[in-house]
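> I am attaching a structure below and will ask some questions about it afterwards.
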Protein chains: 2
Amino acid sequence: MGNVKVIEIHEDIFASNDRTAEIIRQKMTAQGTLFLNVMSSPGSGKTTTLIKLINMLKADYRIGEMDVDIESSLDAQKVADATGVESIQIHNGGLCHIDADMTSRALMEYDTAGFDILFLENIGNLVCPAEFDTGAHKNVMILSVPEGHDKPLKYPLMFKVSDLILLNKMDAVDYFDFDPELAEKYIHELNPDAVIIPISAKTGIGMEEVAGWIRKELEKVRNGR
Amino acid sequence: MGNVKVIEIHEDIFASNDRTAEIIRQKMTAQGTLFLNVMSSPGSGKTTTLIKLINMLKADYRIGEMDVDIESSLDAQKVADATGVESIQIHNGGLCHIDADMTSRALMEYDTAGFDILFLENIGNLVCPAEFDTGAHKNVMILSVPEGHDKPLKYPLMFKVSDLILLNKMDAVDYFDFDPELAEKYIHELNPDAVIIPISAKTGIGMEEVAGWIRKELEKVRNGR
């Protein structure tokens, strides 16, 4: 492992990514589209939560969804089937994240100008997606009850970069050793501004509050034009 | 994104990693230590499963445990407190995996010569850890019931490189939409040789079978000296 200038290259990648992300964000704001990046561990309920939210919001808003997976197209198909919205699948070829360059390439092939809300379902991973700004207005993160309340301590960056944190599968909270108050305490120590909503995408607990948060964020984007 | 020879560099990294991994494996075989790399999503139950296994096996074997996390030391402490075995924590500084070079650096500071079994608890992630041979004799992977039976379709490499796959949290199977037979079918389509054991590290379901698999693998390593 010779004397390679890894750090400088790394910084440059992040700086370049941040510039692209900012261009995406400005484009989305200009067209009045709220762009939300949704992140979590595998199996935390990203797809189920998005299907529920899209079905709650689709009467009032035009909604698009982009789904990132390594090589399968299961989730985009599931969202399209369950909601009727136009959904696209991005195959990222084995990487553990999606960055702003990949997002911008997807946006070249996916016409989002007519959407009020655009969801990006990121790769299931608590490490890499947190490092790359995708150009979304806000980051939404899902922590599910079976994963445990200690995850903010173990994957702090993910919890620091997220604006809205959903504690999902609350219908199963009696079954697991998960303390929602302790989870909230750990999250707020890392990120005092994070909005935390306990939900169950399966039973509907808390989902109206999440929909309300999205409506307000869309208003902010529209007012920011 | 100019005309950079990314693929060659990438291949070289993997080739170099594979050479280091082979050296680690030979050293472990020579000293009669079974070295197991344990991988899963965050919150699938790696630490709980390891604690249970170590407590089942520690009367008969000398056991070591290495725990990889980004910056916390929770898991190594938890294992040491619950089992009494000597456990070390590796902080990998934000990477989403541990590779053979990192393992070999840890092994320089951690005397494993007296161990019959050495566990490596990898970073909670279904993407990156699958790409790097750590030098372990066998890869053990945990898929937990709340994550869903479709995970082999979405993270295929992880299921291809794993020798033993544990379906954990089976005590909660009635509560989630998880079909163990479908999970096994998807896994065996990717990896016909994978040994699959449904378990609950919490209640003990299947754990004797896992301990039996470890005893047999240790015999193979001893016979391979």
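Following the order of the structure tokens, first chain is A, next is B, and so on, with residues numbered from 1 inside each chain and ligands from 1 in the order they appear.
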Neighbours of Asn92 of chain B within 10 Å (only C-alpha atoms; same-chain residues fewer than 5 positions away dropped), as a PyMOL selection string?
chain B and resi 68-71+97-98+102+123
> Keeping only N, CA and C atoms, write those residues as a PDB file, in the first residue's frame.

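Saved file out_24.pdb follows:
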```pdb
ATOM      1  N   VAL B  68     -15.718  -5.624  15.102  1.00  0.00           N
ATOM      2  CA  VAL B  68     -15.430  -4.454  14.274  1.00  0.00           C
ATOM      3  C   VAL B  68     -16.596  -3.492  14.339  1.00  0.00           C
ATOM      4  N   ASP B  69     -16.297  -2.223  14.654  1.00  0.00           N
ATOM      5  CA  ASP B  69     -17.321  -1.192  14.603  1.00  0.00           C
ATOM      6  C   ASP B  69     -16.685   0.088  14.103  1.00  0.00           C
ATOM      7  N   ILE B  70     -17.519   1.030  13.740  1.00  0.00           N
ATOM      8  CA  ILE B  70     -17.000   2.264  13.174  1.00  0.00           C
ATOM      9  C   ILE B  70     -16.255   3.058  14.233  1.00  0.00           C
ATOM     10  N   GLU B  71     -16.913   3.312  15.375  1.00  0.00           N
ATOM     11  CA  GLU B  71     -16.217   4.061  16.418  1.00  0.00           C
ATOM     12  C   GLU B  71     -16.608   3.677  17.840  1.00  0.00           C
ATOM     13  N   HIS B  97     -16.606  -2.194   5.869  1.00  0.00           N
ATOM     14  CA  HIS B  97     -16.173  -3.591   5.853  1.00  0.00           C
ATOM     15  C   HIS B  97     -14.878  -3.695   6.655  1.00  0.00           C
ATOM     16  N   ILE B  98     -14.403  -4.937   6.826  1.00  0.00           N
ATOM     17  CA  ILE B  98     -13.031  -5.160   7.280  1.00  0.00           C
ATOM     18  C   ILE B  98     -12.389  -6.083   6.254  1.00  0.00           C
ATOM     19  N   MET B 102      -6.630  -5.213   7.346  1.00  0.00           N
ATOM     20  CA  MET B 102      -7.072  -4.729   8.662  1.00  0.00           C
ATOM     21  C   MET B 102      -7.062  -5.880   9.668  1.00  0.00           C
ATOM     22  N   ILE B 123     -18.681  -5.625  10.449  1.00  0.00           N
ATOM     23  CA  ILE B 123     -19.577  -4.460  10.434  1.00  0.00           C
ATOM     24  C   ILE B 123     -20.980  -4.902   9.980  1.00  0.00           C
TER      25      ILE B 123
END
```
> Write out as CSV a residue-level contact list of chain A versus chain B with cut-off 9 Å: for each qualifying residue the closest pair of atoms and the distance in Å to one decimal, counting only C-alpha atoms, rows sorted by chain and residue number upward.

```
residue,atom,partner,partner_atom,distance
A:Ser41,CA,B:Pro42,CA,6.4
A:Pro42,CA,B:Ser41,CA,6.4
A:Gly43,CA,B:Glu147,CA,3.7
A:Ser44,CA,B:Glu147,CA,6.4
A:Gly45,CA,B:Glu147,CA,8.1
A:Asp69,CA,B:Lys154,CA,6.9
A:Ile70,CA,B:Lys154,CA,6.8
A:Glu71,CA,B:Lys154,CA,7.0
A:Ser72,CA,B:Lys154,CA,5.8
A:Ser73,CA,B:Lys154,CA,8.5
A:Leu74,CA,B:Lys154,CA,8.0
A:Gly94,CA,B:Val127,CA,7.4
A:Leu95,CA,B:Val127,CA,7.4
A:Cys96,CA,B:Val127,CA,5.9
A:Gly124,CA,B:Leu126,CA,8.0
A:Asn125,CA,B:Asn125,CA,6.0
A:Leu126,CA,B:Asn125,CA,7.4
A:Val127,CA,B:Cys96,CA,5.9
A:Cys128,CA,B:Cys96,CA,6.7
A:Pro146,CA,B:Gly43,CA,6.8
A:Glu147,CA,B:Gly43,CA,3.8
A:Gly148,CA,B:Gly43,CA,6.1
A:Asp150,CA,B:Leu74,CA,8.9
A:Lys151,CA,B:Pro42,CA,7.7
A:Leu153,CA,B:Ser72,CA,6.7
A:Lys154,CA,B:Ser72,CA,5.8
A:Tyr155,CA,B:Ile70,CA,7.1
A:Pro156,CA,B:Glu71,CA,8.6
A:Leu157,CA,B:Gly94,CA,8.9
A:Ala172,CA,B:Tyr175,CA,7.9
A:Tyr175,CA,B:Ala172,CA,7.9
```
> With N, CA and C atoms retained, write the just-selected residues as a tab-separated table (two decimals), in the first residue's frame.

```
chain	number	residue	atom	x	y	z
A	41	SER	N	-31.33	0.36	7.24
A	41	SER	CA	-30.76	-0.99	7.11
A	41	SER	C	-31.60	-1.80	6.12
A	42	PRO	N	-31.06	-2.91	5.62
A	42	PRO	CA	-31.92	-3.82	4.84
A	42	PRO	C	-33.06	-4.31	5.73
A	43	GLY	N	-34.26	-4.33	5.16
A	43	GLY	CA	-35.39	-4.92	5.87
A	43	GLY	C	-36.00	-4.08	6.97
A	44	SER	N	-35.72	-2.78	7.00
A	44	SER	CA	-36.30	-1.91	8.03
A	44	SER	C	-37.68	-1.42	7.66
A	45	GLY	N	-38.05	-1.62	6.38
A	45	GLY	CA	-39.39	-1.24	5.95
A	45	GLY	C	-39.46	-0.01	5.06
A	69	ASP	N	-31.08	-0.43	-6.18
A	69	ASP	CA	-30.71	-1.75	-5.70
A	69	ASP	C	-29.47	-2.20	-6.45
A	70	ILE	N	-28.85	-3.23	-5.94
A	70	ILE	CA	-27.61	-3.70	-6.56
A	70	ILE	C	-27.88	-4.29	-7.93
A	71	GLU	N	-28.80	-5.26	-7.99
A	71	GLU	CA	-29.11	-5.82	-9.30
A	71	GLU	C	-30.56	-6.25	-9.49
A	72	SER	N	-31.36	-6.25	-8.42
A	72	SER	CA	-32.75	-6.68	-8.59
A	72	SER	C	-33.66	-5.47	-8.88
A	73	SER	N	-34.89	-5.74	-9.31
A	73	SER	CA	-35.85	-4.66	-9.57
A	73	SER	C	-37.12	-4.89	-8.76
A	74	LEU	N	-36.99	-5.64	-7.67
A	74	LEU	CA	-38.16	-6.01	-6.87
A	74	LEU	C	-38.90	-4.82	-6.30
A	94	GLY	N	-23.46	-2.98	-7.47
A	94	GLY	CA	-22.69	-3.54	-6.37
A	94	GLY	C	-22.16	-2.52	-5.39
A	95	LEU	N	-22.37	-1.24	-5.63
A	95	LEU	CA	-21.91	-0.25	-4.66
A	95	LEU	C	-22.86	-0.21	-3.46
A	96	CYS	N	-22.36	0.37	-2.37
A	96	CYS	CA	-23.17	0.35	-1.15
A	96	CYS	C	-23.87	1.69	-0.92
A	124	GLY	N	-30.08	-0.42	1.08
A	124	GLY	CA	-30.22	-0.77	2.50
A	124	GLY	C	-28.86	-0.88	3.15
A	125	ASN	N	-28.49	0.14	3.94
A	125	ASN	CA	-27.13	0.21	4.47
A	125	ASN	C	-27.06	1.41	5.42
A	126	LEU	N	-26.44	1.24	6.60
A	126	LEU	CA	-26.36	2.37	7.54
A	126	LEU	C	-25.02	3.10	7.49
A	127	VAL	N	-24.12	2.67	6.59
A	127	VAL	CA	-22.80	3.31	6.56
A	127	VAL	C	-22.66	4.23	5.35
A	128	CYS	N	-22.50	3.63	4.17
A	128	CYS	CA	-22.11	4.41	2.99
A	128	CYS	C	-23.13	5.48	2.57
A	146	PRO	N	-36.89	-4.10	15.65
A	146	PRO	CA	-36.06	-5.31	15.87
A	146	PRO	C	-34.55	-5.05	15.78
A	147	GLU	N	-34.14	-3.94	15.19
A	147	GLU	CA	-32.70	-3.64	15.08
A	147	GLU	C	-32.07	-3.22	16.40
A	148	GLY	N	-32.88	-2.70	17.31
A	148	GLY	CA	-32.34	-2.30	18.63
A	148	GLY	C	-32.13	-0.80	18.75
A	150	ASP	N	-29.75	0.73	20.18
A	150	ASP	CA	-28.35	1.17	20.27
A	150	ASP	C	-27.77	1.58	18.91
A	151	LYS	N	-28.53	1.48	17.85
A	151	LYS	CA	-27.98	1.76	16.51
A	151	LYS	C	-27.43	3.18	16.35
A	153	LEU	N	-25.70	4.80	18.40
A	153	LEU	CA	-24.34	4.78	18.96
A	153	LEU	C	-23.38	4.10	18.00
A	154	LYS	N	-23.88	3.15	17.21
A	154	LYS	CA	-23.00	2.37	16.35
A	154	LYS	C	-22.86	2.92	14.93
A	155	TYR	N	-23.86	3.65	14.48
A	155	TYR	CA	-23.81	4.23	13.13
A	155	TYR	C	-24.13	5.72	13.22
A	156	PRO	N	-23.29	6.48	13.96
A	156	PRO	CA	-23.67	7.86	14.29
A	156	PRO	C	-23.87	8.78	13.08
A	157	LEU	N	-23.04	8.63	12.04
A	157	LEU	CA	-23.15	9.57	10.91
A	157	LEU	C	-24.55	9.52	10.29
A	172	ALA	N	-44.59	-3.98	16.92
A	172	ALA	CA	-43.88	-5.14	17.48
A	172	ALA	C	-43.02	-4.76	18.69
A	175	TYR	N	-42.48	-6.96	21.69
A	175	TYR	CA	-41.84	-8.25	21.42
A	175	TYR	C	-40.32	-8.19	21.47
```
> Taking only segment 73-124 of chain A into account, list the residues labelled alpha helix (DSSP H) by DSSP (computed from the backbone), as a list in words.
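Of segment 73-124 of chain A, only Leu74, Asp75, Ala76, Gln77, Lys78, Val79, Ala80, Asp81, Ala82, Thr83, Ala100, Asp101, Met102, Thr103, Ser104, Arg105, Ala106, Leu107, Met108 and Glu109 of chain A fall in alpha helix (DSSP H).
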> Can you list, as a ChimeraX atom specification, every residue of chain A that DSSP puts in strand (DSSP E)?
/A:34-40,63-69,87-91,117-124,138-144,164-168,195-198
> Show me, as a list in words, the residues that have an atom within 8 Å of segment 202-209 of chain B when counting only C-alpha atoms, minus same-chain residues fewer than 2 positions from it.
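These residues fall inside the cut-off: Thr48, Thr49, Leu53, Lys169, Met170, Asp171, Ile197, Pro198, Ile199, Ser200, Ala211, Gly212 and Trp213 of chain B.
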> Could you name the residues that touch Val140 of chain A at 7 Å or less, counting only C-alpha atoms, but leaving out those on the same chain fewer than 5 positions away, as a list of chain:residue names?
A:Leu36, A:Asn37, A:Val38, A:Met39, A:Ser162, A:Asp163, A:Leu164, A:Ile165
> Export, as an mmCIF file, in the first residue's frame, the selected residues with N, CA and C atoms.

```
data_model
loop_
_atom_site.group_PDB
_atom_site.id
_atom_site.type_symbol
_atom_site.label_atom_id
_atom_site.label_comp_id
_atom_site.auth_asym_id
_atom_site.auth_seq_id
_atom_site.Cartn_x
_atom_site.Cartn_y
_atom_site.Cartn_z
ATOM 1 N N LEU A 36 -36.910 13.741 -1.538
ATOM 2 C CA LEU A 36 -36.606 13.100 -0.249
ATOM 3 C C LEU A 36 -35.797 11.822 -0.444
ATOM 4 N N ASN A 37 -34.684 11.722 0.256
ATOM 5 C CA ASN A 37 -33.799 10.550 0.212
ATOM 6 C C ASN A 37 -34.098 9.669 1.422
ATOM 7 N N VAL A 38 -34.520 8.428 1.186
ATOM 8 C CA VAL A 38 -34.949 7.537 2.266
ATOM 9 C C VAL A 38 -33.907 6.439 2.486
ATOM 10 N N MET A 39 -33.362 6.368 3.689
ATOM 11 C CA MET A 39 -32.273 5.439 4.004
ATOM 12 C C MET A 39 -32.633 4.562 5.198
ATOM 13 N N SER A 162 -29.567 12.829 9.122
ATOM 14 C CA SER A 162 -30.989 12.628 8.810
ATOM 15 C C SER A 162 -31.855 13.707 9.455
ATOM 16 N N ASP A 163 -32.818 14.221 8.683
ATOM 17 C CA ASP A 163 -33.712 15.274 9.173
ATOM 18 C C ASP A 163 -34.937 14.684 9.860
ATOM 19 N N LEU A 164 -35.445 13.595 9.290
ATOM 20 C CA LEU A 164 -36.628 12.922 9.850
ATOM 21 C C LEU A 164 -36.246 11.474 10.115
ATOM 22 N N ILE A 165 -36.446 11.018 11.334
ATOM 23 C CA ILE A 165 -36.096 9.638 11.694
ATOM 24 C C ILE A 165 -37.362 8.921 12.153
#
```
> Which residue, A:Asn223, A:Thr112, A:Asn122, A:Gln31, has the smallest gap to Leu50 of chain A when you use only C-alpha atoms?
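Of A:Asn223, A:Thr112, A:Asn122, A:Gln31, the one nearest Leu50 of chain A, counting only C-alpha atoms, is A:Asn122.
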> Quick one: residues within 10 Å of Ala82 of chain B, only C-alpha atoms counted, chain neighbours fewer than 5 positions away excluded, as a compact mmCIF listing (two decimals) with N, CA and C atoms, in the first residue's frame?

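Okay, result-v7.txt is ready:
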```txt
# COMPACT_ATOMS: atom_id res chain seq x y z
N THR B 48 -25.70 -11.09 20.02
CA THR B 48 -26.48 -12.02 20.86
C THR B 48 -26.19 -13.47 20.48
N ILE B 51 -22.66 -14.38 21.76
CA ILE B 51 -22.64 -14.58 23.22
C ILE B 51 -23.20 -15.95 23.57
N LYS B 52 -24.33 -16.28 22.96
CA LYS B 52 -24.96 -17.59 23.22
C LYS B 52 -24.00 -18.73 22.84
N ILE B 54 -20.68 -18.70 22.41
CA ILE B 54 -19.46 -18.74 23.23
C ILE B 54 -19.78 -19.37 24.58
N ASN B 55 -20.93 -19.00 25.16
CA ASN B 55 -21.30 -19.60 26.46
C ASN B 55 -21.58 -21.10 26.35
N ALA B 76 -17.89 -5.41 21.75
CA ALA B 76 -16.79 -6.16 22.35
C ALA B 76 -16.98 -6.21 23.87
N GLN B 77 -17.39 -5.06 24.44
CA GLN B 77 -17.63 -4.99 25.88
C GLN B 77 -18.76 -5.93 26.28
```
> When you look at segment 103-111 of chain A with a cut-off of 8 Å (counting only C-alpha atoms), what residues show up, excluding the ones that are within fewer than 6 positions of it in the same chain? I need them as a PDB file with N, CA and C atoms, in the first residue's frame.

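Final output, saved to result.pdb:
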```
ATOM      1  N   THR A  20     -22.414  18.672  -7.383  1.00  0.00           N
ATOM      2  CA  THR A  20     -23.478  18.058  -8.183  1.00  0.00           C
ATOM      3  C   THR A  20     -24.780  18.009  -7.384  1.00  0.00           C
ATOM      4  N   ILE A  24     -28.546  19.563  -8.323  1.00  0.00           N
ATOM      5  CA  ILE A  24     -29.793  18.775  -8.319  1.00  0.00           C
ATOM      6  C   ILE A  24     -30.830  19.458  -7.420  1.00  0.00           C
ATOM      7  N   ILE A  88     -39.041   4.130 -10.989  1.00  0.00           N
ATOM      8  CA  ILE A  88     -37.912   3.594 -11.767  1.00  0.00           C
ATOM      9  C   ILE A  88     -36.918   2.904 -10.851  1.00  0.00           C
ATOM     10  N   ILE A  90     -32.973   1.878 -10.256  1.00  0.00           N
ATOM     11  CA  ILE A  90     -31.578   2.158 -10.594  1.00  0.00           C
ATOM     12  C   ILE A  90     -30.737   0.984 -10.099  1.00  0.00           C
ATOM     13  N   THR A 134     -27.141  13.229  -1.876  1.00  0.00           N
ATOM     14  CA  THR A 134     -27.740  12.802  -3.149  1.00  0.00           C
ATOM     15  C   THR A 134     -28.363  13.960  -3.911  1.00  0.00           C
ATOM     16  N   GLY A 135     -28.445  15.128  -3.267  1.00  0.00           N
ATOM     17  CA  GLY A 135     -29.141  16.255  -3.876  1.00  0.00           C
ATOM     18  C   GLY A 135     -30.568  16.386  -3.351  1.00  0.00           C
TER      19      GLY A 135
END
```
